[in-house]
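Data file: run.cif. Format and content: mmCIF, C-alpha atoms.
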data_protein
#
loop_
_atom_site.label_atom_id
_atom_site.label_comp_id
_atom_site.auth_asym_id
_atom_site.auth_seq_id
_atom_site.Cartn_x
_atom_site.Cartn_y
_atom_site.Cartn_z
CA ILE A 1 -65.97 8.24 0.63
CA GLY A 2 -64.77 8.91 -2.91
CA ASN A 3 -64.17 12.60 -2.13
CA ILE A 4 -62.20 11.72 1.01
CA SER A 5 -60.00 9.27 -0.92
CA ARG A 6 -59.44 11.87 -3.64
CA LYS A 7 -58.43 14.49 -1.04
CA LYS A 8 -56.02 12.09 0.62
CA ARG A 9 -54.46 11.26 -2.74
CA ILE A 10 -54.08 14.95 -3.57
CA LEU A 11 -52.51 15.63 -0.17
CA TYR A 12 -50.17 12.68 -0.62
CA GLU A 13 -49.13 13.84 -4.07
CA LEU A 14 -48.67 17.39 -2.77
CA PHE A 15 -46.51 16.08 0.07
CA ILE A 16 -44.37 14.11 -2.41
CA ALA A 17 -44.02 17.17 -4.67
CA ILE A 18 -42.98 19.37 -1.73
CA LEU A 19 -40.48 16.72 -0.61
CA ILE A 20 -38.96 16.52 -4.11
CA LEU A 21 -38.78 20.32 -4.44
CA THR A 22 -37.16 20.57 -1.01
CA ALA A 23 -34.56 17.93 -1.97
CA LEU A 24 -33.86 19.73 -5.26
CA ALA A 25 -33.54 23.09 -3.49
CA GLY A 26 -31.18 21.52 -0.97
CA ARG A 27 -29.09 20.01 -3.75
CA ILE A 28 -28.94 23.30 -5.63
CA GLY A 29 -27.94 25.09 -2.44
CA TYR A 30 -25.20 22.53 -1.78
CA ILE A 31 -23.85 22.90 -5.32
CA GLN A 32 -24.00 26.70 -5.17
CA PHE A 33 -22.64 27.38 -1.70
CA VAL A 34 -20.55 24.31 -0.81
CA GLN A 35 -19.18 23.14 -4.15
CA GLY A 36 -19.43 26.45 -5.99
CA SER A 37 -15.76 27.49 -5.84
CA GLU A 38 -14.47 24.02 -6.73
CA LEU A 39 -16.84 23.59 -9.69
CA GLN A 40 -16.07 27.09 -10.92
CA ALA A 41 -12.35 26.27 -10.93
CA MET A 42 -12.99 22.97 -12.74
CA ALA A 43 -15.09 24.72 -15.37
CA TYR A 44 -12.34 27.29 -15.92
CA VAL A 45 -9.75 24.54 -16.42
CA GLN A 46 -12.07 22.64 -18.78
CA GLN A 47 -12.96 25.69 -20.85
CA THR A 48 -9.53 27.37 -20.89
CA LEU A 49 -6.71 26.33 -23.20
CA ASP A 50 -3.22 27.40 -22.03
CA ARG A 51 -0.13 27.25 -24.24
CA HIS A 52 3.03 28.06 -22.31
CA ILE A 53 5.75 30.35 -23.65
CA ASN A 54 9.26 29.58 -22.44
CA PRO A 55 11.39 32.58 -21.47
CA LYS A 56 14.83 33.14 -22.93
CA ARG A 57 17.37 31.91 -20.39
CA GLY A 58 20.00 34.44 -19.32
CA THR A 59 23.32 34.50 -21.16
CA ILE A 60 26.52 33.40 -19.38
CA TYR A 61 29.62 35.49 -20.16
CA ASP A 62 33.28 35.09 -19.23
CA ALA A 63 35.14 37.65 -17.10
CA THR A 64 35.53 40.08 -20.01
CA GLY A 65 31.76 40.36 -20.39
CA LYS A 66 32.19 39.90 -24.15
CA ASN A 67 32.79 36.20 -24.76
CA ILE A 68 29.58 34.16 -24.55
CA LEU A 69 29.86 30.80 -22.80
CA ALA A 70 26.14 29.88 -22.89
CA VAL A 71 23.25 31.47 -24.77
CA SER A 72 19.63 30.67 -25.60
CA SER A 73 18.71 30.74 -29.27
CA THR A 74 15.15 31.14 -30.58
CA VAL A 75 13.44 27.99 -31.86
CA GLU A 76 9.77 26.97 -32.12
CA THR A 77 7.44 24.29 -30.76
CA VAL A 78 4.50 22.81 -32.68
CA THR A 79 1.30 21.65 -30.97
CA VAL A 80 -2.15 20.69 -32.25
CA ASN A 81 -5.73 21.03 -30.95
CA PRO A 82 -7.22 17.75 -32.25
CA VAL A 83 -10.83 18.87 -31.66
CA ASN A 84 -10.28 21.83 -33.99
CA ILE A 85 -8.98 19.70 -36.89
CA ALA A 86 -11.72 18.44 -39.19
CA VAL A 87 -12.01 14.65 -39.35
CA LYS A 88 -11.50 14.74 -43.13
CA ASP A 89 -8.22 16.67 -42.69
CA ARG A 90 -6.60 14.58 -39.93
CA GLU A 91 -4.77 12.11 -42.15
CA LYS A 92 -3.56 14.94 -44.39
CA VAL A 93 -2.32 16.95 -41.37
CA ALA A 94 -0.60 13.91 -39.84
CA LYS A 95 1.13 13.15 -43.16
CA ALA A 96 2.41 16.73 -43.49
CA LEU A 97 3.67 16.91 -39.89
CA SER A 98 5.45 13.54 -40.12
CA GLU A 99 7.14 14.44 -43.43
CA ILE A 100 8.24 17.97 -42.48
CA PHE A 101 9.65 16.99 -39.09
CA SER A 102 10.74 13.40 -39.96
CA LEU A 103 8.36 11.79 -37.44
CA ASP A 104 6.51 8.48 -37.39
CA TYR A 105 3.21 8.88 -39.28
CA ASP A 106 1.17 6.43 -37.15
CA THR A 107 2.26 8.12 -33.90
CA ILE A 108 1.35 11.58 -35.22
CA LEU A 109 -1.99 10.36 -36.57
CA LYS A 110 -2.90 9.05 -33.10
CA ARG A 111 -2.09 12.42 -31.55
CA VAL A 112 -4.02 14.35 -34.20
CA SER A 113 -7.02 12.04 -33.71
CA LYS A 114 -7.14 12.15 -29.90
CA ARG A 115 -10.12 13.62 -28.06
CA SER A 116 -7.97 16.11 -26.16
CA SER A 117 -7.57 19.88 -26.17
CA ILE A 118 -3.85 19.99 -26.98
CA GLU A 119 -1.08 17.59 -28.06
CA THR A 120 2.64 18.34 -28.53
CA ILE A 121 4.00 17.31 -31.93
CA VAL A 122 7.63 18.47 -31.82
CA LYS A 123 9.70 20.73 -29.55
CA LYS A 124 12.57 23.14 -30.21
CA VAL A 125 12.82 22.97 -34.01
CA GLU A 126 14.52 25.52 -36.22
CA LYS A 127 12.42 28.22 -37.87
CA GLU A 128 13.25 26.91 -41.36
CA LYS A 129 11.21 23.78 -40.58
CA THR A 130 8.25 25.63 -39.07
CA ASP A 131 8.24 27.99 -42.06
CA GLU A 132 7.70 24.91 -44.25
CA LEU A 133 4.68 24.08 -42.09
CA ARG A 134 3.34 27.63 -42.37
CA ILE A 135 3.54 27.46 -46.17
CA TRP A 136 1.79 24.06 -46.20
CA MET A 137 -0.99 25.37 -43.92
CA LYS A 138 -1.53 28.35 -46.22
CA ASP A 139 -1.56 26.23 -49.38
CA ASN A 140 -4.02 23.74 -47.84
CA HIS A 141 -6.23 26.36 -46.15
CA ILE A 142 -5.65 24.95 -42.65
CA THR A 143 -6.29 27.89 -40.32
CA THR A 144 -7.13 26.23 -36.99
CA GLY A 145 -5.89 23.30 -34.93
CA ILE A 146 -2.14 23.74 -35.50
CA ASN A 147 -0.13 26.07 -33.24
CA ILE A 148 3.42 27.29 -33.77
CA ASP A 149 4.83 28.97 -30.65
CA GLU A 150 8.18 30.57 -29.98
CA ASP A 151 10.53 28.57 -27.74
CA THR A 152 14.21 28.65 -26.73
CA LYS A 153 17.10 26.21 -26.94
CA ARG A 154 20.35 26.36 -24.96
CA TYR A 155 23.54 26.57 -26.99
CA TYR A 156 27.21 26.53 -25.94
CA PRO A 157 29.43 28.26 -28.56
CA TYR A 158 32.72 26.73 -27.32
CA ASN A 159 31.40 23.15 -27.00
CA TYR A 160 33.97 21.68 -24.55
CA LEU A 161 35.30 24.84 -22.88
CA ALA A 162 34.79 24.86 -19.08
CA SER A 163 32.16 22.14 -19.48
CA GLN A 164 32.41 20.85 -15.91
CA VAL A 165 32.11 24.41 -14.61
CA ILE A 166 29.23 25.67 -16.76
CA GLY A 167 27.08 22.53 -16.76
CA PHE A 168 24.03 22.12 -19.01
CA CYS A 169 20.23 22.31 -19.21
CA GLY A 170 17.47 19.78 -19.79
CA SER A 171 14.87 19.88 -22.57
CA ASP A 172 12.66 22.10 -20.40
CA ASN A 173 15.48 24.70 -20.05
CA GLN A 174 16.05 23.83 -16.38
CA GLY A 175 19.67 23.85 -15.24
CA LEU A 176 20.82 20.33 -14.40
CA ASP A 177 24.51 20.70 -13.55
CA GLY A 178 27.26 23.22 -12.79
CA ILE A 179 26.64 26.97 -12.95
CA GLU A 180 23.45 26.31 -14.91
CA ALA A 181 21.99 24.42 -11.94
CA ILE A 182 23.41 26.53 -9.09
CA TYR A 183 22.18 29.81 -10.61
CA ASP A 184 19.02 28.35 -12.17
CA GLU A 185 16.70 30.80 -10.36
CA THR A 186 18.74 33.75 -11.66
CA LEU A 187 19.00 32.49 -15.23
CA LYS A 188 15.65 30.85 -15.96
CA GLY A 189 13.18 33.78 -16.00
CA SER A 190 9.38 33.35 -15.81
CA LYS A 191 7.12 31.52 -18.25
CA GLY A 192 4.47 33.34 -20.26
CA LYS A 193 1.29 31.86 -21.70
CA ILE A 194 -1.41 32.21 -24.32
CA THR A 195 -4.87 31.66 -22.82
CA LYS A 196 -7.99 31.08 -24.92
CA MET A 197 -11.55 30.21 -23.89
CA THR A 198 -12.92 27.00 -25.44
CA ASP A 199 -16.14 25.01 -25.29
CA ALA A 200 -16.52 21.96 -23.04
CA LYS A 201 -14.95 19.73 -25.71
CA GLY A 202 -11.94 21.99 -26.17
CA GLY A 203 -13.15 23.47 -29.46
CA ASP A 204 -12.89 27.11 -30.49
CA ILE A 205 -15.59 29.55 -29.43
CA ALA A 206 -16.44 32.09 -32.12
CA GLN A 207 -15.55 35.74 -31.52
CA THR A 208 -13.19 35.03 -28.61
CA THR A 209 -9.67 36.41 -28.47
CA GLU A 210 -6.46 34.98 -27.07
CA ASN A 211 -5.00 36.49 -23.91
CA TYR A 212 -1.23 36.84 -24.30
CA VAL A 213 0.97 37.01 -21.17
CA PRO A 214 4.59 37.60 -22.24
CA ALA A 215 7.46 35.59 -20.79
CA ILE A 216 10.07 37.38 -18.67
CA ASP A 217 13.61 36.57 -19.77
CA GLY A 218 16.23 35.46 -17.23
CA ASN A 219 19.12 37.55 -15.94
CA ASP A 220 22.60 37.36 -17.47
CA LEU A 221 25.61 36.09 -15.52
CA ILE A 222 29.27 37.10 -15.72
CA LEU A 223 31.81 34.58 -14.39
CA SER A 224 35.33 35.20 -13.12
CA ILE A 225 36.52 32.61 -15.68
CA ASP A 226 38.61 34.14 -18.48
CA SER A 227 37.92 32.12 -21.65
CA THR A 228 41.43 32.72 -23.03
CA ILE A 229 43.17 31.53 -19.84
CA GLN A 230 40.67 28.66 -19.56
CA GLY A 231 41.43 27.56 -23.13
CA ILE A 232 45.20 27.63 -22.55
CA ALA A 233 44.86 25.67 -19.29
CA GLU A 234 42.69 23.02 -20.95
CA LYS A 235 45.07 22.68 -23.91
CA TYR A 236 48.19 22.02 -21.81
CA LEU A 237 46.31 19.88 -19.29
CA LYS A 238 45.13 17.59 -22.10
CA GLU A 239 48.66 17.33 -23.51
CA ALA A 240 50.12 16.55 -20.07
CA CYS A 241 47.50 13.87 -19.32
CA ILE A 242 48.04 12.16 -22.69
CA ASP A 243 51.85 12.36 -22.55
CA ASN A 244 51.99 11.01 -19.00
CA VAL A 245 49.17 8.46 -19.47
CA CYS A 246 47.10 9.89 -16.61
CA THR A 247 44.19 7.45 -16.67
CA ASP A 248 42.33 9.37 -13.95
CA GLY A 249 42.66 12.66 -15.81
CA GLY A 250 43.74 15.87 -14.15
CA ASN A 251 42.81 19.39 -13.09
CA ILE A 252 44.25 22.88 -13.24
CA ILE A 253 43.05 25.85 -11.18
CA VAL A 254 44.31 29.35 -12.01
CA MET A 255 43.60 32.03 -9.42
CA ASN A 256 44.29 35.74 -9.18
CA PRO A 257 46.19 35.91 -5.85
CA LYS A 258 45.25 39.56 -5.31
CA THR A 259 41.48 39.08 -5.55
CA GLY A 260 40.91 35.33 -5.17
CA ASP A 261 39.06 35.25 -8.50
CA ILE A 262 39.21 31.89 -10.27
CA LEU A 263 40.44 32.68 -13.79
CA ALA A 264 40.44 29.09 -15.03
CA LEU A 265 39.20 25.77 -13.68
CA ALA A 266 40.14 23.08 -16.18
CA GLY A 267 39.36 19.38 -16.04
CA TYR A 268 40.36 16.50 -18.30
CA PRO A 269 38.68 14.61 -19.80
CA ASN A 270 35.86 17.11 -20.37
CA TYR A 271 32.73 16.74 -22.53
CA ASN A 272 30.68 18.54 -25.20
CA LEU A 273 28.09 20.76 -23.53
CA ASN A 274 25.89 20.58 -26.63
CA GLU A 275 25.85 16.75 -26.36
CA PRO A 276 26.01 16.10 -22.60
CA TYR A 277 24.60 12.57 -22.86
CA SER A 278 27.19 11.32 -25.36
CA PRO A 279 30.32 9.42 -24.18
CA ASN A 280 33.41 11.63 -24.08
CA THR A 281 36.29 9.16 -24.65
CA GLU A 282 37.06 6.67 -27.41
CA GLU A 283 37.21 3.84 -24.87
CA LEU A 284 33.76 4.69 -23.54
CA LYS A 285 32.32 5.09 -27.05
CA SER A 286 33.48 1.59 -28.01
CA THR A 287 31.62 -0.05 -25.09
CA TRP A 288 28.66 2.33 -24.75
CA GLY A 289 26.17 0.13 -26.60
CA SER A 290 26.83 -2.86 -24.35
CA LEU A 291 26.47 -1.00 -21.05
CA SER A 292 23.38 -1.27 -18.85
CA GLN A 293 21.35 1.85 -18.11
CA ALA A 294 22.77 1.94 -14.58
CA ASP A 295 26.35 1.79 -15.88
CA LYS A 296 25.62 4.49 -18.45
CA SER A 297 24.24 6.74 -15.73
CA LYS A 298 27.28 6.08 -13.54
CA ASN A 299 29.68 6.97 -16.36
CA LEU A 300 27.77 10.12 -17.23
CA GLN A 301 27.83 11.27 -13.60
CA ALA A 302 31.59 10.72 -13.53
CA MET A 303 31.98 12.61 -16.81
CA TRP A 304 30.00 15.62 -15.55
CA ARG A 305 31.65 15.72 -12.11
CA ASN A 306 33.97 18.66 -11.47
CA LYS A 307 36.78 16.82 -9.66
CA ALA A 308 38.59 20.03 -8.78
CA ILE A 309 35.87 20.97 -6.28
CA SER A 310 34.12 17.66 -5.53
CA ASP A 311 37.03 15.22 -5.00
CA THR A 312 39.46 15.20 -2.06
CA TYR A 313 43.23 15.44 -2.48
CA GLU A 314 46.26 15.29 -0.20
CA PRO A 315 47.69 18.81 0.07
CA GLY A 316 51.23 17.59 -0.74
CA SER A 317 53.76 20.32 -1.59
CA THR A 318 51.07 23.00 -1.59
CA PHE A 319 51.30 22.95 2.21
CA LYS A 320 54.86 24.28 1.95
CA LEU A 321 53.28 27.71 1.43
CA VAL A 322 52.00 27.51 5.00
CA THR A 323 55.42 26.46 6.31
CA ALA A 324 57.18 29.23 4.38
CA SER A 325 54.67 31.86 5.53
CA ALA A 326 55.14 30.85 9.18
CA ALA A 327 58.95 31.00 8.85
CA LEU A 328 58.80 34.46 7.26
CA GLU A 329 56.39 35.75 9.88
CA GLU A 330 58.57 34.50 12.75
CA GLY A 331 61.70 35.97 11.15
CA LEU A 332 63.41 32.58 10.83
CA THR A 333 64.27 33.26 7.20
CA THR A 334 64.02 35.91 4.48
CA THR A 335 62.70 35.95 0.94
CA ASP A 336 66.32 36.02 -0.37
CA LYS A 337 67.08 32.48 0.83
CA GLU A 338 65.84 30.50 -2.18
CA GLY A 339 65.45 26.73 -1.91
CA GLU A 340 65.78 26.66 1.89
CA PHE A 341 62.45 24.90 2.37
CA CYS A 342 62.85 22.19 -0.23
CA CYS A 343 64.51 19.85 2.22
CA THR A 344 62.78 20.85 5.43
CA GLY A 345 60.75 18.31 7.31
#

Translate this structure into structure tokens?
Amino acid sequence: IGNISRKKRILYELFIAILILTALAGRIGYIQFVQGSELQAMAYVQQTLDRHINPKRGTIYDATGKNILAVSSTVETVTVNPVNIAVKDREKVAKALSEIFSLDYDTILKRVSKRSSIETIVKKVEKEKTDELRIWMKDNHITTGINIDEDTKRYYPYNYLASQVIGFCGSDNQGLDGIEAIYDETLKGSKGKITKMTDAKGGDIAQTTENYVPAIDGNDLILSIDSTIQGIAEKYLKEACIDNVCTDGGNIIVMNPKTGDILALAGYPNYNLNEPYSPNTEELKSTWGSLSQADKSKNLQAMWRNKAISDTYEPGSTFKLVTASAALEEGLTTTDKEGEFCCTG
């Protein structure tokens, strides 16, 4: 009886072992063949650190092809890999970053101390500032955890010139208004990146190299706008609006009648393209602080709007061109009869 009980127990244990092994094999098969692609992608994301490189946005020229209306200058962006900064160095690093870039120390310390693979410290700063950081890193023997990458910043040399035509870009170099927005796909280019393999915690893996994919710069754009004619139109439009107290502003369009090219498209009041979120009139500046966010947004939209192409107007005396053309075509008058149409109905 003892032998029979022992055999039954062995068979029972063997059955349990086979059942467990079958379940494990099934689970492994499910992970390998069903979830394999998804888990592989997740592992790649977890163990790969990407730092994006912004392309240089295309330059916008006036009709001469020589005068620059919008250009991207080279700046730099600073990021950190908190897991690659030694715990004993975090306060020292946070102090240096906050002092060099005039940032809040507590905020930077939190970012430097996070358990994340990458944190942005400051974007689009001039090279003079990042050179200070490079010197500090060298003097303090900090070789990992702080990244300084090339970036671009949009700049408008003429500030106010043709502002409602050209438009402006956001902090991510995306066109938000005017020509910048309409031709964004042409101007923006393609981002590059620096890819590096890391461990599961985001730390560096010894003897691994960075994979550099260069950014592709955007295409340049030449407008029909002549900056000289545009400047003259804006100057006299401003004088006329001020002298005649035109509270709604005004517009001037200058066209080449032989080609249809728009040589100037002036609007008043205009705004500074390098400060598109700042009020553009003294009256608006005096009340800006007391306005709600909705009212600020409404005023900014009105400031950016190109009234010459977005607002409707009665044709007025401009329609006399149609009347005169019809009279000339039908032979009812000649070009020598000046002033004949000024009193026609």

(request) Using the chain letters and numbers from the file, give me the residues hit by the PyMOL selection byres ((chain A and resi 158) around 10), as a PyMOL selection string. (result) chain A and resi 67-70+155-157+159-163+227+231+272-274

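Residues captured in this structure file are Ile252, Val254, Ala264 and Leu265 of chain A, according to the PyMOL selection byres ((chain A and resi 253) around 6).
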
Using C-alpha atoms, can you write the selected residues to a file as an mmCIF file, keeping the file's coordinate frame?
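The new file part.cif reads:
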data_model
loop_
_atom_site.group_PDB
_atom_site.id
_atom_site.type_symbol
_atom_site.label_atom_id
_atom_site.label_comp_id
_atom_site.auth_asym_id
_atom_site.auth_seq_id
_atom_site.Cartn_x
_atom_site.Cartn_y
_atom_site.Cartn_z
ATOM 1 C CA ILE A 252 44.250 22.880 -13.240
ATOM 2 C CA VAL A 254 44.310 29.350 -12.010
ATOM 3 C CA ALA A 264 40.440 29.090 -15.030
ATOM 4 C CA LEU A 265 39.200 25.770 -13.680
#

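Atom CA of Ala215 of chain A is found 16.8 Å from atom CA of Val71 of chain A.
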
(message) Under the PyMOL selection byres ((chain A and resi 77) around 7), which residues of this model are included? Write them out as a PyMOL selection string.
(response) chain A and resi 76+78-79+122-125+148-151

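Between atom CA of Arg27 of chain A and atom CA of Arg9 of chain A lies a distance of 26.9 Å.
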
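Atom CA of Ile229 of chain A sits 6.7 Å away from atom CA of Leu263 of chain A.
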
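With all atoms listed in the file as the atoms that count, the minimum distance from Asn219 of chain A to the choices A:Glu38, A:Asp248, A:Glu185, A:Asp62 is reached by A:Glu185.
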
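Comparing A:Ser310, A:Asn173, A:Thr247, A:Thr334 by their smallest distance to Thr281 of chain A, the closest is A:Thr247 (using only C-alpha atoms).
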
(message) Ranking A:Tyr212, A:Leu14, A:Ile121, A:Val165 by minimum distance to Ser98 of chain A and counting all atoms listed in the file, which one comes first?
(response) A:Ile121

(request) Point out the residue among A:Asn81, A:Ser292, A:Asn147, A:Ser73 with the least atom-to-atom distance to Ile118 of chain A, counting all atoms listed in the file. (result) A:Asn81
